[in-house]
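Structure record follows, encoded as structure tokens.
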Amino acid sequence: MKANSLIRKTKRKKLKAGKETDCAGKSISNLPEEVLEHIVSFLPIHEAIRTSILSKKWQNLWKSTPNLSFDGRDSPKRKLFMDFVERVLVLRGPSNIETFRLSCEAKDDQSRIGTWISAAVNRNVKDLYLVLSDIESSFVFPRCLFNCKTLTEFEIDMLFILKLPSSISLPCLKILSLRQVTFIDDQSTQQLFSLPNLVELEIYECNWKNLVWVTICAPKLQQLAIYESLESTPANSGGCHVRIFRTHLAHFSCCGTLSNEFCLDESSVVETFIFLNSDGDRRPRETACRSYKLLEGISSVKTLYLTTDVVDVLDHASDLLAFPLEFRNLTSLIFESDELNLHSAGFWHIIYNSPNLRSLYFSDVGLSEVPSNCQEDGTLDPAPLCFLSCLHFIEVSNFRGGEKAIDAVGFLLKNVTALDQMSICWAGSGVMTNKIRRQLLDLPGWSKIGKINSG
């Protein structure tokens, strides 16, 4: 009996040992080194470094990780953070860098940060993201940065002067984002905006005060977004004249006060978003002229997003409306933000010159006074061509009711004879009141095409 028991224990030990051997054989450490390097590349750099204690095989794997991201904005000990970045770049070796992200307080460490950027460039960096704050002294990027042959995506976010070299060569750059920088001269800025392979360009709350005339001429540009600071001075006789020349854009956004003048020349665009903030504007006619010029350049647009200020401000330059803005390709027109008054001359100018408009969206709508060409029976003479032929859908997404809003809905129902559906989305708290619902239901034509989406 004892012998049998001993035999069984021996078999169990062998079986257990065999299982351990199988498990060891399937250990992650037995994977090829290039596979382990690929796995480590997905880790944040501080965690990738920690893998070096696992075994001798893991000791140097982190040094080939191609993605480096350093964020010291919330670090309580800035010196330790800066020293950590330094050590990583020194110990890492010569292997290529795919992505380099640096977010920190620059203070007076321009030389140190410049060395890090140069190291990334010398290692053929492709994606570079720099978020620098608290810059105490004059900051100049290393010259090699603007002659990097491998850079494909570049973002700078720094509340400081962007000093550019006289010659810029970034042949592979496709995506460029500039945030909060101050441009210093026309020529170098124009070079940066006109790179041969640039596909996406974002200019966010930058300072244009030193510029007079700049052309954006990037033949492959598809997306252009310009966001002026909402605190910038509304349009005046100054500002920079920005010419967007010979581009074929899929999307164009322009948001701000039009403190600068933007125009598209020999360019086409599919989708456009124009956000105008004209609150406190003491020069409404100048803003109107710049709005008109901007709209004139996007005549090829198919989908157009506007804030109501864009059309309202055109009423301050009625003489310009004698020259028609043509939107023959426009099929969708979307008004965002505030209530749009159907009495606006700017609104009707766009509608009358959009013969192929199919859908019209309002945030909210009102009618304080009927247009001047409205007949006694409430119909327009002449009516816009799109009202009679192709405008099949209208939506009011933040309907709040009231006499002016009900009048506006009734006016549209009467005049848009091509309409197949009008959708009203209630924006008030709770469910739409029975009174407002009844007012809509009593409108002529509502029962056939009206739809209420109530909370």
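Following the order of the structure tokens, first chain is A, next is B, and so on, with residues numbered from 1 inside each chain and ligands from 1 in the order they appear.
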Residues of range 117-324 of chain A in strand (DSSP E), written as a count of residues only: 71
Excluding range 416-425 of chain A and any residue of its chain fewer than 5 positions from it, enumerate the residues within 8 Å of it, using only C-alpha atoms, and give them as a PDB file with all heavy atoms, in the first residue's frame.
ATOM      1  N   CYS A 386     -36.126  77.812 -55.079  1.00  0.00           N
ATOM      2  CA  CYS A 386     -36.042  76.577 -54.288  1.00  0.00           C
ATOM      3  C   CYS A 386     -37.344  76.327 -53.514  1.00  0.00           C
ATOM      4  O   CYS A 386     -37.710  75.168 -53.272  1.00  0.00           O
ATOM      5  CB  CYS A 386     -34.860  76.623 -53.324  1.00  0.00           C
ATOM      6  SG  CYS A 386     -34.928  77.934 -52.089  1.00  0.00           S
ATOM      7  N   PHE A 387     -38.085  77.396 -53.135  1.00  0.00           N
ATOM      8  CA  PHE A 387     -39.363  77.224 -52.437  1.00  0.00           C
ATOM      9  C   PHE A 387     -40.378  76.491 -53.321  1.00  0.00           C
ATOM     10  O   PHE A 387     -41.233  75.753 -52.830  1.00  0.00           O
ATOM     11  CB  PHE A 387     -39.934  78.581 -52.041  1.00  0.00           C
ATOM     12  CG  PHE A 387     -39.365  79.142 -50.753  1.00  0.00           C
ATOM     13  CD1 PHE A 387     -38.150  78.710 -50.263  1.00  0.00           C
ATOM     14  CD2 PHE A 387     -40.061  80.120 -50.042  1.00  0.00           C
ATOM     15  CE1 PHE A 387     -37.630  79.229 -49.083  1.00  0.00           C
ATOM     16  CE2 PHE A 387     -39.558  80.634 -48.857  1.00  0.00           C
ATOM     17  CZ  PHE A 387     -38.328  80.204 -48.382  1.00  0.00           C
ATOM     18  N   LEU A 388     -40.252  76.709 -54.615  1.00  0.00           N
ATOM     19  CA  LEU A 388     -41.231  76.152 -55.544  1.00  0.00           C
ATOM     20  C   LEU A 388     -40.837  74.772 -56.077  1.00  0.00           C
ATOM     21  O   LEU A 388     -41.699  74.034 -56.560  1.00  0.00           O
ATOM     22  CB  LEU A 388     -41.410  77.107 -56.730  1.00  0.00           C
ATOM     23  CG  LEU A 388     -41.769  78.562 -56.403  1.00  0.00           C
ATOM     24  CD1 LEU A 388     -41.803  79.387 -57.681  1.00  0.00           C
ATOM     25  CD2 LEU A 388     -43.090  78.641 -55.664  1.00  0.00           C
ATOM     26  N   SER A 389     -39.529  74.446 -55.999  1.00  0.00           N
ATOM     27  CA  SER A 389     -39.090  73.251 -56.728  1.00  0.00           C
ATOM     28  C   SER A 389     -38.423  72.164 -55.894  1.00  0.00           C
ATOM     29  O   SER A 389     -38.709  70.976 -56.080  1.00  0.00           O
ATOM     30  CB  SER A 389     -38.121  73.667 -57.844  1.00  0.00           C
ATOM     31  OG  SER A 389     -36.985  74.325 -57.287  1.00  0.00           O
ATOM     32  N   CYS A 390     -37.543  72.505 -54.974  1.00  0.00           N
ATOM     33  CA  CYS A 390     -36.690  71.461 -54.388  1.00  0.00           C
ATOM     34  C   CYS A 390     -36.499  71.509 -52.883  1.00  0.00           C
ATOM     35  O   CYS A 390     -35.895  70.596 -52.313  1.00  0.00           O
ATOM     36  CB  CYS A 390     -35.326  71.469 -55.071  1.00  0.00           C
ATOM     37  SG  CYS A 390     -34.485  73.067 -55.010  1.00  0.00           S
ATOM     38  N   LEU A 391     -36.956  72.559 -52.208  1.00  0.00           N
ATOM     39  CA  LEU A 391     -36.802  72.626 -50.748  1.00  0.00           C
ATOM     40  C   LEU A 391     -37.854  71.723 -50.105  1.00  0.00           C
ATOM     41  O   LEU A 391     -38.996  72.119 -49.901  1.00  0.00           O
ATOM     42  CB  LEU A 391     -36.926  74.067 -50.250  1.00  0.00           C
ATOM     43  CG  LEU A 391     -36.739  74.279 -48.745  1.00  0.00           C
ATOM     44  CD1 LEU A 391     -35.425  73.677 -48.264  1.00  0.00           C
ATOM     45  CD2 LEU A 391     -36.823  75.762 -48.394  1.00  0.00           C
ATOM     46  N   HIS A 392     -37.432  70.493 -49.768  1.00  0.00           N
ATOM     47  CA  HIS A 392     -38.375  69.477 -49.309  1.00  0.00           C
ATOM     48  C   HIS A 392     -38.420  69.311 -47.790  1.00  0.00           C
ATOM     49  O   HIS A 392     -39.364  68.709 -47.273  1.00  0.00           O
ATOM     50  CB  HIS A 392     -38.023  68.123 -49.927  1.00  0.00           C
ATOM     51  CG  HIS A 392     -38.091  68.114 -51.419  1.00  0.00           C
ATOM     52  ND1 HIS A 392     -39.192  68.545 -52.122  1.00  0.00           N
ATOM     53  CD2 HIS A 392     -37.169  67.732 -52.355  1.00  0.00           C
ATOM     54  CE1 HIS A 392     -38.973  68.420 -53.419  1.00  0.00           C
ATOM     55  NE2 HIS A 392     -37.746  67.934 -53.589  1.00  0.00           N
ATOM     56  N   PHE A 393     -37.414  69.853 -47.077  1.00  0.00           N
ATOM     57  CA  PHE A 393     -37.364  69.588 -45.631  1.00  0.00           C
ATOM     58  C   PHE A 393     -36.921  70.829 -44.866  1.00  0.00           C
ATOM     59  O   PHE A 393     -35.949  71.493 -45.239  1.00  0.00           O
ATOM     60  CB  PHE A 393     -36.387  68.443 -45.342  1.00  0.00           C
ATOM     61  CG  PHE A 393     -36.254  68.113 -43.879  1.00  0.00           C
ATOM     62  CD1 PHE A 393     -37.233  67.373 -43.231  1.00  0.00           C
ATOM     63  CD2 PHE A 393     -35.164  68.559 -43.148  1.00  0.00           C
ATOM     64  CE1 PHE A 393     -37.113  67.071 -41.873  1.00  0.00           C
ATOM     65  CE2 PHE A 393     -35.024  68.264 -41.796  1.00  0.00           C
ATOM     66  CZ  PHE A 393     -36.012  67.514 -41.166  1.00  0.00           C
ATOM     67  N   ILE A 394     -37.653  71.146 -43.787  1.00  0.00           N
ATOM     68  CA  ILE A 394     -37.292  72.239 -42.878  1.00  0.00           C
ATOM     69  C   ILE A 394     -37.368  71.709 -41.454  1.00  0.00           C
ATOM     70  O   ILE A 394     -38.327  71.009 -41.090  1.00  0.00           O
ATOM     71  CB  ILE A 394     -38.221  73.462 -43.038  1.00  0.00           C
ATOM     72  CG1 ILE A 394     -38.049  74.091 -44.425  1.00  0.00           C
ATOM     73  CG2 ILE A 394     -37.929  74.499 -41.961  1.00  0.00           C
ATOM     74  CD1 ILE A 394     -38.975  75.271 -44.675  1.00  0.00           C
ATOM     75  N   GLU A 395     -36.378  72.072 -40.641  1.00  0.00           N
ATOM     76  CA  GLU A 395     -36.381  71.682 -39.227  1.00  0.00           C
ATOM     77  C   GLU A 395     -36.092  72.891 -38.355  1.00  0.00           C
ATOM     78  O   GLU A 395     -35.227  73.708 -38.676  1.00  0.00           O
ATOM     79  CB  GLU A 395     -35.337  70.598 -38.963  1.00  0.00           C
ATOM     80  CG  GLU A 395     -35.266  70.175 -37.490  1.00  0.00           C
ATOM     81  CD  GLU A 395     -34.186  69.160 -37.227  1.00  0.00           C
ATOM     82  OE1 GLU A 395     -34.481  67.955 -37.402  1.00  0.00           O
ATOM     83  OE2 GLU A 395     -33.051  69.557 -36.869  1.00  0.00           O
ATOM     84  N   VAL A 396     -36.822  72.996 -37.249  1.00  0.00           N
ATOM     85  CA  VAL A 396     -36.528  73.979 -36.205  1.00  0.00           C
ATOM     86  C   VAL A 396     -36.171  73.171 -34.964  1.00  0.00           C
ATOM     87  O   VAL A 396     -37.019  72.512 -34.375  1.00  0.00           O
ATOM     88  CB  VAL A 396     -37.725  74.902 -35.930  1.00  0.00           C
ATOM     89  CG1 VAL A 396     -37.347  75.955 -34.887  1.00  0.00           C
ATOM     90  CG2 VAL A 396     -38.198  75.577 -37.212  1.00  0.00           C
ATOM     91  N   SER A 397     -34.895  73.200 -34.575  1.00  0.00           N
ATOM     92  CA  SER A 397     -34.396  72.250 -33.578  1.00  0.00           C
ATOM     93  C   SER A 397     -34.557  72.703 -32.133  1.00  0.00           C
ATOM     94  O   SER A 397     -34.491  71.889 -31.208  1.00  0.00           O
ATOM     95  CB  SER A 397     -32.917  71.956 -33.842  1.00  0.00           C
ATOM     96  OG  SER A 397     -32.153  73.148 -33.772  1.00  0.00           O
ATOM     97  N   ASN A 398     -34.771  74.012 -31.909  1.00  0.00           N
ATOM     98  CA  ASN A 398     -34.923  74.528 -30.535  1.00  0.00           C
ATOM     99  C   ASN A 398     -36.128  75.461 -30.448  1.00  0.00           C
ATOM    100  O   ASN A 398     -36.025  76.609 -30.014  1.00  0.00           O
ATOM    101  CB  ASN A 398     -33.653  75.261 -30.094  1.00  0.00           C
ATOM    102  CG  ASN A 398     -32.490  74.330 -29.870  1.00  0.00           C
ATOM    103  OD1 ASN A 398     -32.450  73.583 -28.896  1.00  0.00           O
ATOM    104  ND2 ASN A 398     -31.541  74.358 -30.789  1.00  0.00           N
ATOM    105  N   PHE A 399     -37.272  74.947 -30.851  1.00  0.00           N
ATOM    106  CA  PHE A 399     -38.492  75.743 -30.920  1.00  0.00           C
ATOM    107  C   PHE A 399     -39.003  76.033 -29.507  1.00  0.00           C
ATOM    108  O   PHE A 399     -39.158  75.126 -28.684  1.00  0.00           O
ATOM    109  CB  PHE A 399     -39.550  74.968 -31.706  1.00  0.00           C
ATOM    110  CG  PHE A 399     -40.778  75.765 -32.021  1.00  0.00           C
ATOM    111  CD1 PHE A 399     -40.769  76.725 -33.013  1.00  0.00           C
ATOM    112  CD2 PHE A 399     -41.961  75.549 -31.324  1.00  0.00           C
ATOM    113  CE1 PHE A 399     -41.901  77.459 -33.318  1.00  0.00           C
ATOM    114  CE2 PHE A 399     -43.099  76.271 -31.618  1.00  0.00           C
ATOM    115  CZ  PHE A 399     -43.072  77.234 -32.618  1.00  0.00           C
ATOM    116  N   ILE A 449     -47.852  67.820 -43.472  1.00  0.00           N
ATOM    117  CA  ILE A 449     -46.413  67.681 -43.508  1.00  0.00           C
ATOM    118  C   ILE A 449     -45.739  67.997 -42.166  1.00  0.00           C
ATOM    119  O   ILE A 449     -44.526  67.784 -42.023  1.00  0.00           O
ATOM    120  CB  ILE A 449     -45.778  68.593 -44.592  1.00  0.00           C
ATOM    121  CG1 ILE A 449     -46.111  70.066 -44.327  1.00  0.00           C
ATOM    122  CG2 ILE A 449     -46.234  68.182 -45.964  1.00  0.00           C
ATOM    123  CD1 ILE A 449     -45.404  71.011 -45.272  1.00  0.00           C
ATOM    124  N   GLY A 450     -46.487  68.461 -41.182  1.00  0.00           N
ATOM    125  CA  GLY A 450     -45.890  68.862 -39.906  1.00  0.00           C
ATOM    126  C   GLY A 450     -45.615  67.679 -38.988  1.00  0.00           C
ATOM    127  O   GLY A 450     -46.347  66.688 -38.976  1.00  0.00           O
ATOM    128  N   LYS A 451     -44.525  67.778 -38.225  1.00  0.00           N
ATOM    129  CA  LYS A 451     -44.170  66.753 -37.251  1.00  0.00           C
ATOM    130  C   LYS A 451     -43.597  67.424 -36.020  1.00  0.00           C
ATOM    131  O   LYS A 451     -42.711  68.266 -36.107  1.00  0.00           O
ATOM    132  CB  LYS A 451     -43.143  65.796 -37.854  1.00  0.00           C
ATOM    133  CG  LYS A 451     -42.712  64.667 -36.903  1.00  0.00           C
ATOM    134  CD  LYS A 451     -41.676  63.787 -37.567  1.00  0.00           C
ATOM    135  CE  LYS A 451     -41.199  62.671 -36.632  1.00  0.00           C
ATOM    136  NZ  LYS A 451     -40.144  61.835 -37.257  1.00  0.00           N
ATOM    137  N   ILE A 452     -44.133  67.063 -34.832  1.00  0.00           N
ATOM    138  CA  ILE A 452     -43.685  67.633 -33.565  1.00  0.00           C
ATOM    139  C   ILE A 452     -42.880  66.598 -32.808  1.00  0.00           C
ATOM    140  O   ILE A 452     -43.354  65.478 -32.531  1.00  0.00           O
ATOM    141  CB  ILE A 452     -44.872  68.115 -32.712  1.00  0.00           C
ATOM    142  CG1 ILE A 452     -45.661  69.211 -33.445  1.00  0.00           C
ATOM    143  CG2 ILE A 452     -44.377  68.615 -31.362  1.00  0.00           C
ATOM    144  CD1 ILE A 452     -46.921  69.618 -32.737  1.00  0.00           C
ATOM    145  N   ASN A 453     -41.640  66.950 -32.466  1.00  0.00           N
ATOM    146  CA  ASN A 453     -40.814  66.098 -31.601  1.00  0.00           C
ATOM    147  C   ASN A 453     -40.707  66.792 -30.245  1.00  0.00           C
ATOM    148  O   ASN A 453     -39.980  67.758 -30.079  1.00  0.00           O
ATOM    149  CB  ASN A 453     -39.419  65.917 -32.201  1.00  0.00           C
ATOM    150  CG  ASN A 453     -39.462  65.194 -33.528  1.00  0.00           C
ATOM    151  OD1 ASN A 453     -40.109  64.171 -33.651  1.00  0.00           O
ATOM    152  ND2 ASN A 453     -38.789  65.740 -34.536  1.00  0.00           N
ATOM    153  N   SER A 454     -41.490  66.310 -29.297  1.00  0.00           N
ATOM    154  CA  SER A 454     -41.615  66.963 -28.006  1.00  0.00           C
ATOM    155  C   SER A 454     -40.941  66.141 -26.924  1.00  0.00           C
ATOM    156  O   SER A 454     -40.873  64.918 -26.988  1.00  0.00           O
ATOM    157  CB  SER A 454     -43.093  67.162 -27.645  1.00  0.00           C
ATOM    158  OG  SER A 454     -43.219  67.823 -26.411  1.00  0.00           O
TER     159      SER A 454
END
Mind checking which residues fall within 7 Å of range 125-135 of chain A, counting only C-alpha atoms, ignoring those fewer than 5 positions away in the same chain, and posting them as a compact mmCIF listing (two decimals) with N, CA, C and O atoms, in the first residue's frame?
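Saved as selection-v9.txt:
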# COMPACT_ATOMS: atom_id res chain seq x y z
N ASN A 96 14.82 55.09 -34.25
CA ASN A 96 13.90 56.11 -34.74
C ASN A 96 12.77 56.39 -33.76
O ASN A 96 12.35 55.52 -32.99
N ILE A 97 12.27 57.63 -33.81
CA ILE A 97 11.12 58.06 -33.01
C ILE A 97 9.95 58.31 -33.97
O ILE A 97 10.08 59.10 -34.91
N GLU A 98 8.85 57.64 -33.73
CA GLU A 98 7.64 57.86 -34.53
C GLU A 98 6.88 59.10 -34.03
O GLU A 98 6.54 59.98 -34.79
N THR A 99 6.61 59.12 -32.71
CA THR A 99 5.81 60.18 -32.11
C THR A 99 6.53 60.76 -30.90
O THR A 99 7.03 60.01 -30.05
N PHE A 100 6.60 62.09 -30.83
CA PHE A 100 7.21 62.76 -29.69
C PHE A 100 6.23 63.82 -29.19
O PHE A 100 5.88 64.74 -29.92
N ARG A 101 5.79 63.65 -27.94
CA ARG A 101 4.87 64.60 -27.30
C ARG A 101 5.55 65.20 -26.08
O ARG A 101 6.05 64.46 -25.23
N LEU A 102 5.52 66.51 -25.99
CA LEU A 102 6.10 67.20 -24.85
C LEU A 102 5.16 68.31 -24.38
O LEU A 102 4.84 69.22 -25.15
N SER A 103 4.73 68.20 -23.13
CA SER A 103 3.87 69.22 -22.52
C SER A 103 4.51 69.62 -21.21
O SER A 103 4.63 68.79 -20.30
N CYS A 104 4.92 70.87 -21.09
CA CYS A 104 5.59 71.29 -19.85
C CYS A 104 5.68 72.81 -19.78
O CYS A 104 5.38 73.52 -20.74
N GLU A 105 6.11 73.29 -18.60
CA GLU A 105 6.44 74.69 -18.43
C GLU A 105 7.86 74.91 -18.96
O GLU A 105 8.79 74.25 -18.52
N ALA A 106 7.98 75.81 -19.91
CA ALA A 106 9.29 76.02 -20.53
C ALA A 106 10.22 76.85 -19.64
O ALA A 106 11.42 76.58 -19.57
N LYS A 107 9.67 77.87 -19.01
CA LYS A 107 10.44 78.81 -18.20
C LYS A 107 11.69 79.27 -18.97
O LYS A 107 11.57 79.72 -20.10
N ASP A 108 12.90 79.11 -18.39
CA ASP A 108 14.10 79.57 -19.09
C ASP A 108 14.91 78.40 -19.64
O ASP A 108 16.13 78.51 -19.83
N ALA A 120 14.74 64.52 -31.41
CA ALA A 120 13.60 63.87 -32.08
C ALA A 120 13.72 64.01 -33.60
O ALA A 120 13.47 63.05 -34.35
N THR A 150 11.10 64.13 -42.42
CA THR A 150 10.20 63.02 -42.08
C THR A 150 8.90 63.47 -41.39
O THR A 150 7.98 62.68 -41.26
N LEU A 151 8.84 64.70 -40.96
CA LEU A 151 7.71 65.18 -40.16
C LEU A 151 6.42 65.16 -40.98
O LEU A 151 6.34 65.76 -42.05
N THR A 152 5.39 64.47 -40.47
CA THR A 152 4.10 64.40 -41.17
C THR A 152 2.98 65.09 -40.41
O THR A 152 2.01 65.53 -41.01
N GLU A 153 3.09 65.17 -39.07
CA GLU A 153 2.06 65.84 -38.27
C GLU A 153 2.76 66.68 -37.20
O GLU A 153 3.64 66.22 -36.49
N PHE A 154 2.32 67.95 -37.09
CA PHE A 154 3.02 68.90 -36.23
C PHE A 154 2.00 69.80 -35.54
O PHE A 154 1.16 70.42 -36.20
N GLU A 155 2.09 69.86 -34.21
CA GLU A 155 1.21 70.74 -33.43
C GLU A 155 2.04 71.57 -32.47
O GLU A 155 2.87 71.03 -31.73
N ILE A 156 1.81 72.87 -32.48
CA ILE A 156 2.45 73.79 -31.52
C ILE A 156 1.34 74.51 -30.76
O ILE A 156 0.45 75.10 -31.37
N ASP A 157 1.41 74.46 -29.44
CA ASP A 157 0.47 75.18 -28.58
C ASP A 157 1.30 75.95 -27.57
O ASP A 157 1.82 75.39 -26.60
N MET A 158 1.46 77.24 -27.80
CA MET A 158 2.27 78.06 -26.90
C MET A 158 1.86 79.53 -27.03
O MET A 158 1.77 80.06 -28.13
N LEU A 159 1.61 80.16 -25.91
CA LEU A 159 1.21 81.56 -25.87
C LEU A 159 2.47 82.42 -25.97
O LEU A 159 2.91 83.02 -24.97
Atomic separation - CA of Arg123 in chain A relative to CA of Phe84 in chain A, Å: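 Atom-to-atom, CA of Phe84 in chain A and CA of Arg123 in chain A are spaced 18.9 Å apart.
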10 Å contact set for Asp338 in chain A, only C-alpha atoms, chain neighbours under 2 positions out, as a ChimeraX atom specification: /A:307-309,335-336,340-341,362-365,398
